[in-house]
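File shown here: entry-v5.cif, holding mmCIF, C-alpha atoms.
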```cif
data_input
loop_
_atom_site.label_atom_id
_atom_site.label_comp_id
_atom_site.auth_asym_id
_atom_site.auth_seq_id
_atom_site.Cartn_x
_atom_site.Cartn_y
_atom_site.Cartn_z
CA ALA X 640 -14.55 37.27 -10.99
CA GLN X 641 -12.69 36.22 -7.91
CA SER X 642 -9.14 37.44 -7.47
CA VAL X 643 -6.41 37.82 -4.89
CA ALA X 644 -3.64 40.39 -4.85
CA GLN X 645 -0.42 40.20 -2.91
CA PRO X 646 1.09 43.60 -3.64
CA GLU X 647 4.60 42.81 -2.42
CA ASP X 648 6.81 40.30 -4.20
CA GLN X 649 9.22 40.31 -1.27
CA VAL X 650 9.18 41.35 2.37
CA ASN X 651 12.39 41.70 4.35
CA VAL X 652 12.43 41.84 8.14
CA ALA X 653 15.00 41.37 10.86
CA GLU X 654 14.65 38.50 13.28
CA GLY X 655 12.62 39.50 16.31
CA ASN X 656 10.74 42.25 14.51
CA PRO X 657 7.04 42.04 13.67
CA LEU X 658 6.13 41.01 10.15
CA THR X 659 3.17 41.69 7.89
CA VAL X 660 2.44 40.05 4.54
CA LYS X 661 -0.37 41.82 2.72
CA CYS X 662 -3.32 40.34 0.88
CA THR X 663 -6.42 41.89 -0.67
CA TYR X 664 -9.22 40.00 -2.35
CA SER X 665 -12.22 40.42 -4.61
CA VAL X 666 -15.22 38.08 -4.60
CA SER X 667 -18.86 38.48 -5.52
CA GLY X 668 -20.14 37.01 -2.26
CA ASN X 669 -18.68 36.48 1.19
CA PRO X 670 -15.15 35.09 1.16
CA TYR X 671 -13.41 32.19 2.73
CA LEU X 672 -9.75 33.20 3.08
CA PHE X 673 -6.67 31.07 3.54
CA TRP X 674 -2.94 31.46 4.05
CA TYR X 675 -0.44 28.81 3.00
CA VAL X 676 3.36 28.68 3.26
CA GLN X 677 5.69 26.97 0.82
CA TYR X 678 9.27 26.06 1.64
CA PRO X 679 11.73 25.42 -1.21
CA ASN X 680 10.89 22.33 -3.25
CA ARG X 681 8.02 21.45 -0.93
CA GLY X 682 4.25 21.50 -1.13
CA LEU X 683 2.01 24.09 0.47
CA GLN X 684 1.38 23.94 4.18
CA PHE X 685 -1.85 25.29 5.60
CA LEU X 686 -1.37 28.13 8.12
CA LEU X 687 -4.83 29.47 8.89
CA LYS X 688 -8.23 30.34 7.49
CA TYR X 689 -11.06 32.80 8.01
CA ILE X 690 -14.58 31.48 7.65
CA THR X 691 -16.74 33.60 9.93
CA GLY X 692 -16.73 35.10 13.40
CA ASP X 693 -13.78 36.84 15.02
CA ASN X 694 -11.87 38.95 12.53
CA LEU X 695 -8.54 37.97 14.09
CA VAL X 696 -7.62 34.40 13.22
CA LYS X 697 -4.78 32.55 14.91
CA GLY X 698 -2.91 29.81 13.09
CA SER X 699 0.15 27.63 13.09
CA TYR X 700 3.68 28.68 14.10
CA GLY X 701 2.51 31.86 15.85
CA PHE X 702 0.98 33.42 12.74
CA GLU X 703 -2.28 35.31 12.77
CA ALA X 704 -4.33 37.19 10.19
CA GLU X 705 -6.87 39.95 10.40
CA PHE X 706 -9.95 39.98 8.19
CA ASN X 707 -11.06 43.49 7.26
CA LYS X 708 -14.26 43.46 5.24
CA SER X 709 -14.34 47.18 4.48
CA GLN X 710 -10.81 47.10 3.09
CA THR X 711 -11.24 43.61 1.58
CA SER X 712 -7.95 42.61 3.16
CA PHE X 713 -6.59 39.60 5.01
CA HIS X 714 -3.04 40.49 6.05
CA LEU X 715 -0.82 37.85 7.65
CA LYS X 716 1.06 38.90 10.76
CA LYS X 717 3.49 37.61 13.35
CA PRO X 718 4.66 39.60 16.39
CA SER X 719 8.26 38.35 16.29
CA ALA X 720 9.80 36.91 13.12
CA LEU X 721 12.17 33.93 13.08
CA VAL X 722 14.80 33.14 10.47
CA SER X 723 12.98 29.85 9.92
CA ASP X 724 9.89 31.80 8.80
CA SER X 725 11.72 32.63 5.55
CA ALA X 726 9.58 31.09 2.82
CA LEU X 727 7.01 31.84 0.11
CA TYR X 728 3.57 32.79 1.40
CA PHE X 729 0.34 32.47 -0.53
CA CYS X 730 -3.02 34.02 0.19
CA ALA X 731 -6.06 32.28 -1.32
CA VAL X 732 -9.81 32.91 -1.50
CA ARG X 733 -12.89 30.84 -2.14
CA ASP X 734 -16.40 32.22 -2.69
CA ILE X 735 -18.69 31.21 0.18
CA ASN X 736 -21.58 30.65 -2.20
CA GLN X 737 -19.79 28.06 -4.29
CA ALA X 738 -19.20 24.91 -2.30
CA GLY X 739 -16.34 22.75 -3.42
CA THR X 740 -14.81 25.12 -5.92
CA ALA X 741 -11.16 25.77 -6.29
CA LEU X 742 -9.00 28.15 -4.36
CA ILE X 743 -7.87 31.28 -6.15
CA PHE X 744 -4.29 32.08 -5.20
CA GLY X 745 -2.27 35.24 -5.16
CA LYS X 746 1.14 35.24 -6.82
CA GLY X 747 2.91 34.80 -3.52
CA THR X 748 5.17 36.90 -1.33
CA THR X 749 8.70 35.84 -0.46
CA LEU X 750 9.46 36.53 3.17
CA SER X 751 13.12 36.89 4.07
CA VAL X 752 14.04 37.10 7.75
CA SER X 753 17.62 38.11 8.50
CA SER X 754 19.50 37.25 11.66
CA ASN N 270 -2.25 9.69 9.36
CA ALA N 271 -0.43 10.00 6.07
CA GLY N 272 -0.82 13.23 4.19
CA VAL N 273 -1.47 13.69 0.51
CA MET N 274 0.92 11.55 -1.49
CA GLN N 275 2.17 12.38 -4.94
CA ASN N 276 4.48 10.45 -7.20
CA PRO N 277 6.80 10.72 -8.81
CA ARG N 278 8.34 13.73 -7.11
CA HIS N 279 10.40 14.52 -10.18
CA LEU N 280 9.63 13.53 -13.75
CA VAL N 281 11.69 14.19 -16.84
CA ARG N 282 10.16 13.72 -20.28
CA ARG N 283 11.22 14.53 -23.81
CA ARG N 284 8.95 16.52 -26.05
CA GLY N 285 6.18 14.34 -27.46
CA GLN N 286 6.18 11.80 -24.62
CA GLU N 287 3.39 11.24 -22.12
CA ALA N 288 3.52 12.23 -18.47
CA ARG N 289 1.41 10.54 -15.77
CA LEU N 290 1.20 12.13 -12.36
CA ARG N 291 -0.40 10.31 -9.46
CA CYS N 292 -2.07 11.60 -6.33
CA SER N 293 -3.38 9.68 -3.33
CA PRO N 294 -5.58 11.86 -1.11
CA MET N 295 -5.54 11.88 2.65
CA LYS N 296 -7.50 9.11 4.31
CA GLY N 297 -11.18 9.97 4.41
CA HIS N 298 -10.91 12.61 1.70
CA SER N 299 -12.93 12.08 -1.43
CA HIS N 300 -12.28 15.38 -3.19
CA VAL N 301 -9.14 15.99 -5.21
CA TYR N 302 -7.91 19.18 -6.84
CA TRP N 303 -5.01 19.60 -9.25
CA TYR N 304 -3.07 22.86 -9.50
CA ARG N 305 -0.13 23.92 -11.65
CA GLN N 306 2.61 26.26 -10.52
CA LEU N 307 4.67 27.84 -13.25
CA PRO N 308 7.98 29.53 -12.40
CA GLU N 309 7.53 32.89 -10.68
CA GLU N 310 3.77 32.43 -10.54
CA GLY N 311 1.19 31.35 -8.03
CA LEU N 312 -0.85 28.20 -8.25
CA LYS N 313 -3.49 27.94 -10.95
CA PHE N 314 -6.45 25.63 -10.62
CA MET N 315 -6.74 22.91 -13.22
CA VAL N 316 -9.40 20.38 -12.27
CA TYR N 317 -11.60 19.24 -9.38
CA LEU N 318 -12.63 15.61 -9.08
CA GLN N 319 -14.63 13.37 -6.81
CA LYS N 320 -14.54 9.61 -7.04
CA GLU N 321 -15.39 8.65 -10.64
CA ASN N 322 -16.56 12.18 -11.46
CA ILE N 323 -15.01 15.32 -12.87
CA ILE N 324 -16.77 18.20 -11.13
CA ASP N 325 -14.96 21.22 -12.57
CA GLU N 326 -12.34 21.15 -15.31
CA SER N 327 -12.51 24.83 -16.18
CA GLY N 328 -8.77 25.26 -15.63
CA MET N 329 -7.63 22.39 -17.79
CA PRO N 330 -6.08 23.10 -21.18
CA LYS N 331 -8.45 21.93 -23.89
CA GLU N 332 -6.00 19.55 -25.49
CA ARG N 333 -3.51 16.95 -24.28
CA PHE N 334 -4.52 17.14 -20.60
CA SER N 335 -6.89 14.76 -18.86
CA ALA N 336 -7.60 13.70 -15.29
CA GLU N 337 -9.38 10.87 -13.57
CA PHE N 338 -10.13 9.70 -10.05
CA PRO N 339 -11.26 6.07 -10.24
CA LYS N 340 -13.24 4.24 -7.62
CA GLU N 341 -10.10 2.43 -6.57
CA GLY N 342 -6.62 3.85 -6.70
CA PRO N 343 -5.07 7.28 -6.99
CA SER N 344 -6.10 10.25 -9.06
CA ILE N 345 -4.14 10.53 -12.30
CA LEU N 346 -3.26 13.67 -14.22
CA ARG N 347 -2.20 12.73 -17.72
CA ILE N 348 -0.40 14.97 -20.17
CA GLN N 349 -0.03 13.65 -23.69
CA GLN N 350 2.62 14.80 -26.17
CA VAL N 351 4.32 17.06 -23.67
CA VAL N 352 5.86 20.36 -24.75
CA ARG N 353 8.46 22.53 -23.02
CA GLY N 354 5.73 24.86 -21.77
CA ASP N 355 4.33 22.01 -19.68
CA SER N 356 7.40 22.18 -17.44
CA ALA N 357 6.04 23.14 -14.03
CA ALA N 358 5.28 21.89 -10.56
CA TYR N 359 1.96 20.07 -10.36
CA PHE N 360 0.28 19.95 -6.98
CA CYS N 361 -2.57 17.83 -5.82
CA ALA N 362 -4.78 18.78 -2.88
CA SER N 363 -7.52 16.87 -1.12
CA SER N 364 -10.39 17.78 1.16
CA PRO N 365 -13.24 16.01 2.93
CA PRO N 366 -16.64 15.83 1.26
CA GLY N 367 -18.82 18.76 0.58
CA GLN N 368 -18.06 21.91 2.60
CA ALA N 369 -16.63 25.07 1.12
CA THR N 370 -15.15 25.77 4.54
CA ASP N 371 -12.98 22.68 4.35
CA THR N 372 -9.27 23.17 4.12
CA GLN N 373 -7.46 21.75 1.12
CA TYR N 374 -4.33 19.86 2.09
CA PHE N 375 -1.56 19.77 -0.46
CA GLY N 376 0.87 17.09 -1.49
CA PRO N 377 4.59 17.69 -2.06
CA GLY N 378 4.10 18.12 -5.81
CA THR N 379 5.52 16.59 -8.95
CA ARG N 380 8.10 18.66 -10.75
CA LEU N 381 7.85 17.97 -14.47
CA THR N 382 10.74 18.89 -16.71
CA VAL N 383 10.30 18.60 -20.46
CA LEU N 384 13.53 18.44 -22.43
#
```
This entry written out as structure tokens:
Amino acid sequence: AQSVAQPEDQVNVAEGNPLTVKCTYSVSGNPYLFWYVQYPNRGLQFLLKYITGDNLVKGSYGFEAEFNKSQTSFHLKKPSALVSDSALYFCAVRDINQAGTALIFGKGTTLSVSS
Amino acid sequence: NAGVMQNPRHLVRRRGQEARLRCSPMKGHSHVYWYRQLPEEGLKFMVYLQKENIIDESGMPKERFSAEFPKEGPSILRIQQVVRGDSAAYFCASSPPGQATDTQYFGPGTRLTVL
């Protein structure tokens, strides 16, 4: 069965410092991986996705994520955090062999950036 | 280009009433997904629809819940005889036809409160 784990409920960083939000996954085939961000009382906004190719994926708002097949991880990173990055972040996976199926989401990680 | 539209944004129902949640996908998108977000949890897949067809309803509760996506008009998620446990945020997402690589774009959600 497909699953996604976000091992940290909350990540705290100071503004200007690098940030990492962790995600590991489990699928039977090759994965498609996604990161979304949710601000309070809003819907999910797409940040980036990994389909194939370069393991380092660049996305919106300066975020990037690194796909590591051997560690089955897809950690979200940003070199310099902003207070406005404070939000709830979701990692999601879809099995490459099942077109059109739903995304499986992790439970989410709350990122808090202090000034 | 308007994004995914959901209405109402907030819905209050008393136990035993019916709730109808509407979703209009992005222009050019013919695939709609419904997800439910319970407090302190990630999003859980409910149902995947294409125009006039339910493709995957493996996440739908067996009773009281139904969904449709007619040829004309928005997709509707219908909850009959609501109970307090149905209180949650319901998100709709849409994607273009057919590719597992396609990004799902989310609406702002409908927050259902059952009194």
Distance criterion (all atoms listed in the file): nearest to chain X out of N:Ser356, N:Ser335, N:Gln319, N:Gln286 |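 Checking each of N:Ser356, N:Ser335, N:Gln319, N:Gln286 against chain X, counting all atoms listed in the file, the winner is N:Gln319.
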What is the atom CA of X:Leu672 to atom CA of X:Cys730 distance in Å?
->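 A separation of 7.4 Å between them.
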If you apply the PyMOL selection byres ((chain X and resi 662) around 9) to this file, what residues do you get, as a list in words?
-> Val643, Ala644, Gln645, Pro646, Glu647, Val660, Lys661, Thr663, Tyr664, Thr711, Ser712, Phe713, His714, Leu715, Phe729, Cys730, Ala731 and Gly745 of chain X
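Closest approach to chain X among N:Thr382, N:Gln350, N:Ser293, N:Ser363: N:Ser363, based on all atoms listed in the file.
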At a cut-off of 9 Å, list the chain X residues touching chain N, using all atoms listed in the file, as a PyMOL selection string.
-> chain X and resi 671+673+680-685+688-690+729+733-747
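Between atom CA of X:Val676 and atom CA of N:Pro330 there is a distance of 26.8 Å.
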Could you list as a list of chain:residue names every residue that has an atom within 12 Å of (3.0, 24.6, 16.3), using the file's coordinates and counting only C-alpha atoms?
-> X:Phe685, X:Leu686, X:Leu687, X:Lys697, X:Gly698, X:Ser699, X:Tyr700, X:Gly701, X:Phe702
List, as a PyMOL selection string, every residue that the PyMOL selection byres ((chain N and resi 344-349) around 7) selects in the file provided.
-> chain N and resi 286-293+333-339+342-343+350-351
Kindly extract all protein, DNA and RNA residues lying within 10 Å of the coordinates (9.2, 33.2, -0.3) given in the file, considering only C-alpha atoms, and supply them as number ranges by chain.
-> X: 648-650, 676-679, 724-729, 747-751
Please write as a ChimeraX atom specification the full residue list that the PyMOL selection byres ((chain N and resi 271) around 9) yields on this file.
-> /N:270,272-274,295-296
Please indicate the distance in Å from atom CA of X:Gln641 to atom CA of N:Met329, rounded to one decimal place.
->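 Those two atoms sit 17.7 Å apart.
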